[in-house]
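Undergrad: Would you mind keeping the following structure in view while I ask a few things?
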Amino acid sequence: MDPLEKMHFTTIDYVIFALLLVASMGIGLYYALSGGRQRTTQEFLLADRSMSCLPVSLSLIATFQSAVAIVGVPAEIYTHGTQYWFIGCAYILGLLIPAHVFIPVFYRLHLTSAYQYLELRFSKPVRICGTLTFIFQTVIYMGVCVYTPALALNAVTGFDLWGAVLATGLVCTLYTTLGGLKAVIWTDVFQTIVMFAGQLAVIVVGVQQTGGLAEVWRKVWEGNRISGIDLNPDPTERYTFWTLGVGGVFLMLSLYGVNQAQVQRYLSSKTEREAIMSCYMVFPSLQVALALSCVMGLVMFARYCGEDRFHKIGNLSKNEMVLYFVMDMLQDIPGLSGLFIACLFSAALSTISSAFNSLATVTLEDLIKPHCSSMTEARATLLSKGLACSYGLMCLAMAYLTHVMSDSVLQAAFKIFGMVGGPLLGIFCLGMFFPWANSTGALVGLGSGLVMAFWVGIGSIVTRTSGGPAAVSHFNCTAVQLSGNITTAVGTALNSTARFYSLSFMWYSALSSFTVVITGLIGSFLTGPMKEEDVTPGTLYPLLGNMLFFVPDNLKQNLCCSTPLGHRVSQQSTWAHHTHSSGLCSLVETTSKATKRFATKISIY
Ligand SMILES: CC(C)(CO)[C@@H](O)C(=O)NCCC(=O)O
Ligand code: NA
């Protein structure tokens, strides 16, 4: 339905949107022509491992703050109240664990791709499976990310859909191909600032037009939009403190702990300390980002509360709702709607640029290089540029594919992104925390984790118990929140299978990563668990050892969980086995004494 007339863009709005693209291109060109001029893969894929924490932290936020989140969160708050805000609690552990567990392990191994870890810890097949899973996940995600803001803009303003998709997709491909990771990180910094500015501008004008902060507060309070903490343990409830604060931690870990796009940024940091600092700095900025989107939802509610349009807006799709609000409100202030559109497309650009660069990295490092050991640096760099460019063009193809499929596919595609992240998190946890896990177990674990994720995920899409549009309480401003009750009522009425499918999607990561760990361990014990001393040094994090601090050392040794990272010296053969794929290779030639020294050096947890 289209109850609302289309809004129009002024010249200034177009100019601001164009400026975003031009500035991003400019940053790309700058890094193509300065520094090492992108002539090595070290520079193109890892920014010469010379970044400091400030740009890295802003880039980390920008990567997983897509346009889907920018328009989705305010719409969620508008229809269901502020419960979603509690996801901010998950940021604590969701960033502390990457900072102190994942970063030290990855950084000290001097990796390029996170999947190199899987080969060091398990075997080549595990690495390949991990890489392919990541490529599948990211290719689907980038299509949705570029298509969503263009679709919303088209629906509300009539702005040409393919014009927007092509402009953003091509500009992003260009600056990513020209300027490498340095350009990706610095455009992320710029785009994060535009993102914050756009949201802030909308909030300020919205508050003003509603009649001040006190009025906004009164309306959202009377409209029941301020949610108390919901401690309902029902795992099928979409958003409760448990789904957000606990399930959300696993979602955060899959994004900030092990996702290649983020790991690559940690690895591009000057020092390990700098990488950890950047992770810490994500915390306040991510809270600001969350607060901005939540407050925007509240202002939007207060603005339309009591108006005729209230119902109509509630019936718009989530993606259109926010844009309608923005265009409606900012129409008379030239340039501001352009700023918000720039904010939306900044979110999209920063996400897809990270996708192009990380996809180029894993394709080169994990799929191509192992088969062409004699490749020259110049060729490898050219190839990585070609790959970044090809993935950029593939993004356009994916946007088209998303377009020809139905609307529900759009949501499904976004869910797939979340669904696949869990098993990947699981396999890294299996490798890092459990010395017994072997390669067969890892493959079995990853396989069953993916099956579990798709079973629940596709099940929920098909039965529409969890993914379907929840009832929107907008019959008047003082309406209570219906959605939760309805979901529960429906949930209890259905049989247990359907209940299983209606598991809140916030739990997907947790469920599938646990599945990987448990089936992975079972598989390993059945096929002969690994001995701790056979595991490549530096690939284990002594989680169990630390947790069992009260157990005597000799018993821990028997349990195979005594070794702090890299403490024991592995056999020369284990090292040689992995020579070609890691930064550890130079050590192979050295004596075992030197190896021992290295091993102790990297075990300072
Ligand atoms: C990373 C979080 C959880 C932070 O709130 C959120 O931005 C998110 O779910 N991001 C991934 C999906 C996306 O926005 O593209
Ligand atoms: Na983004």
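Just remember, in the structure tokens the first chain shown is A, the second B, etc., residues are 1-based per chain, and ligands are 1-based in the order shown.
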Could I get the residue neighbourhood of ligand 2 at 8 Å, counting only C-alpha atoms and all ligand atoms, as a PyMOL selection string?
TA: chain A and resi 61-67+188+192+346-352
Undergrad: Dump the neighbourhood of ligand 1 as a PyMOL selection string: all residues within 10 Å, distances computed on only C-alpha atoms and all ligand atoms.
TA: chain A and resi 60-73+84-88+90-91+94+141-142+144-145+244+248-256+286-287+289-291+293+347-348+351-352+414-415+417-418+506
Undergrad: Excluding Thr177 (chain A) and any residue of its chain fewer than 5 positions from it, enumerate the residues within 8 Å of it, using only C-alpha atoms, and give them as JSON, numbers by chain.
TA: {"A": [385, 386, 388, 389]}
Undergrad: What is the distance between CA of Cys372 (chain A) and CA of Ser384 (chain A), in Å to one decimal?
TA: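 Here the two named atoms are 13.7 Å from each other.
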Undergrad: Just checking: using only C-alpha atoms, which residue out of A:Arg121, A:Arg379, A:His8, A:Arg225 ends up closest to Phe433 (chain A)?
TA: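 Among A:Arg121, A:Arg379, A:His8, A:Arg225, it is A:Arg121 that comes nearest to Phe433 (chain A).
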Undergrad: Rounded to one decimal, what separation in Å do you get between CA of Ser278 (chain A) and CA of Phe428 (chain A)?
TA: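 Computed distance, CA of Ser278 (chain A) to CA of Phe428 (chain A), equals 21.3 Å.
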Undergrad: Using only C-alpha atoms, which protein or nucleic acid residues come within 12 Å of Ile333 (chain A)? Drop anything in the same chain fewer than 2 positions from it, and give the result as a CSV table (one decimal) with N, CA and C atoms, in the first residue's frame.
TA:
```
chain,number,residue,atom,x,y,z
A,9,PHE,N,13.3,15.6,-3.5
A,9,PHE,CA,14.6,16.0,-3.2
A,9,PHE,C,14.9,17.4,-3.9
A,10,THR,N,15.6,18.2,-3.1
A,10,THR,CA,16.1,19.5,-3.8
A,10,THR,C,17.5,19.3,-4.3
A,12,ILE,N,20.2,20.8,-3.4
A,12,ILE,CA,21.2,20.7,-2.4
A,12,ILE,C,21.3,19.3,-1.8
A,13,ASP,N,20.1,18.6,-1.8
A,13,ASP,CA,20.1,17.2,-1.3
A,13,ASP,C,21.0,16.4,-2.2
A,201,ALA,N,21.2,15.1,13.4
A,201,ALA,CA,20.5,16.2,12.8
A,201,ALA,C,19.0,15.9,12.8
A,202,VAL,N,18.6,14.6,12.4
A,202,VAL,CA,17.2,14.2,12.4
A,202,VAL,C,16.6,14.3,13.8
A,205,VAL,N,16.1,18.1,14.9
A,205,VAL,CA,15.0,18.7,14.3
A,205,VAL,C,13.7,18.1,14.8
A,206,GLY,N,13.7,16.8,14.9
A,206,GLY,CA,12.5,16.1,15.4
A,206,GLY,C,12.1,16.5,16.8
A,326,VAL,N,11.8,11.1,8.0
A,326,VAL,CA,12.9,12.0,7.8
A,326,VAL,C,12.5,13.0,6.7
A,327,MET,N,12.0,12.5,5.6
A,327,MET,CA,11.7,13.3,4.4
A,327,MET,C,10.5,14.3,4.8
A,328,ASP,N,9.6,13.7,5.5
A,328,ASP,CA,8.4,14.5,5.9
A,328,ASP,C,8.8,15.7,6.8
A,329,MET,N,9.7,15.4,7.7
A,329,MET,CA,10.1,16.4,8.7
A,329,MET,C,11.1,17.4,8.2
A,330,LEU,N,12.0,16.9,7.3
A,330,LEU,CA,13.1,17.8,6.9
A,330,LEU,C,12.8,18.5,5.6
A,331,GLN,N,11.6,18.3,5.0
A,331,GLN,CA,11.4,18.8,3.7
A,331,GLN,C,11.6,20.3,3.6
A,335,GLY,N,18.8,20.5,2.4
A,335,GLY,CA,20.1,19.9,2.7
A,335,GLY,C,20.0,18.9,3.8
A,336,LEU,N,19.1,19.0,4.7
A,336,LEU,CA,19.1,18.1,5.8
A,336,LEU,C,18.7,16.7,5.4
A,337,SER,N,17.7,16.6,4.5
A,337,SER,CA,17.3,15.3,4.1
A,337,SER,C,18.4,14.7,3.3
A,338,GLY,N,19.1,15.5,2.5
A,338,GLY,CA,20.3,15.0,1.8
A,338,GLY,C,21.3,14.4,2.8
A,339,LEU,N,21.5,15.1,3.9
A,339,LEU,CA,22.4,14.6,4.9
A,339,LEU,C,22.0,13.2,5.4
A,340,PHE,N,20.7,13.1,5.7
A,340,PHE,CA,20.3,11.8,6.2
A,340,PHE,C,20.5,10.7,5.1
```
Undergrad: Find the residue from A:Leu344, A:Ile27, A:Leu543, A:Leu20 that sits nearest to His100 (chain A); use only C-alpha atoms when measuring.
TA: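 Answer, going by the shortest atom-to-atom distance: A:Leu543.
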Undergrad: Kindly give the distance, in Å, that separates CA of Leu323 (chain A) and CA of Leu298 (chain A), rounded to a single decimal.
TA: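 Taking CA of Leu323 (chain A) as the start and CA of Leu298 (chain A) as the end point, the length is 14.7 Å.
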Undergrad: Leaving out Ile135 (chain A) and any residue of its chain fewer than 4 positions from it, which residues lie within 7 Å of it when counting only C-alpha atoms, given as a list in words?
TA: Thr131, Val139 and Leu359 of chain A
Undergrad: Given the selection you just returned, output its residues as a file containing C-alpha atoms, formatted as a PDB file, in the first residue's frame.
TA:
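Done, and the output landed in result27.pdb:
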```
ATOM      1  CA  THR A 131      36.648 -19.787   3.821  1.00  0.00           C
ATOM      2  CA  VAL A 139      28.250 -12.365  -0.800  1.00  0.00           C
ATOM      3  CA  LEU A 359      36.541 -11.284   0.234  1.00  0.00           C
TER       4      LEU A 359
END
```
Undergrad: Which of these, A:Met281, A:Leu58, A:Leu29, A:Ile226, has the shortest distance to Leu174 (chain A) once you count only C-alpha atoms?
TA: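 Going through A:Met281, A:Leu58, A:Leu29, A:Ile226 one by one, the smallest distance to Leu174 (chain A) is for A:Leu29.
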Undergrad: Can you list, as a ChimeraX atom specification, every residue of region 170-394 of chain A that DSSP puts in helix (DSSP H, G or I)?
TA: /A:170-210,213-222,241-257,260-267,272-304,309-315,318-330,336-371,377-394
Undergrad: Using only C-alpha atoms, find the one residue out of A:Ser52, A:Thr148, A:Thr82, A:Ser358 that sits nearest to Thr402 (chain A).
TA: A:Thr148
Undergrad: Using only C-alpha atoms, pick whichever of A:Met296, A:Leu396, A:Ala360, A:Leu178 has the shortest atom-to-atom distance to Met25 (chain A).
TA: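 Closest to Met25 (chain A), using only C-alpha atoms: A:Leu178.
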Undergrad: Near region 236-241 of chain A, within 6 Å and counting only C-alpha atoms, which residues show up once chain neighbours fewer than 3 positions away are dropped, as a PyMOL selection string?
TA: chain A and resi 230-231+244-245+502-504
Undergrad: Please produce a file of the residues just selected, as a CSV table (one decimal), in the first residue's frame, where the atoms kept are C-alpha atoms.
TA:
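Okay, this is what ended up in part_4.csv:
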```
chain,number,residue,atom,x,y,z
A,230,ASP,CA,11.9,-8.0,30.4
A,231,LEU,CA,13.2,-11.1,32.2
A,244,LEU,CA,19.6,-9.5,23.8
A,245,GLY,CA,22.0,-9.5,26.7
A,502,SER,CA,10.1,-19.8,16.6
A,503,LEU,CA,13.3,-19.5,18.6
A,504,SER,CA,14.2,-15.9,18.8
```
Undergrad: Tell me which protein, DNA and RNA residues are within 12 Å of Phe106 (chain A), counting only C-alpha atoms, leaving out same-chain ones fewer than 3 positions away, and put them as number ranges by chain.
TA: A: 98-103, 109-118, 120-121, 257-260, 262-269, 272, 275-276, 428, 432, 538-541, 565, 582-583, 602
Undergrad: Go through A:Leu544, A:Cys343, A:Val126, A:Val207 one by one, measure the shortest atom-to-atom distance of each to Gly445 (chain A) using only C-alpha atoms, and give the residue with the smallest value.
TA: A:Val126
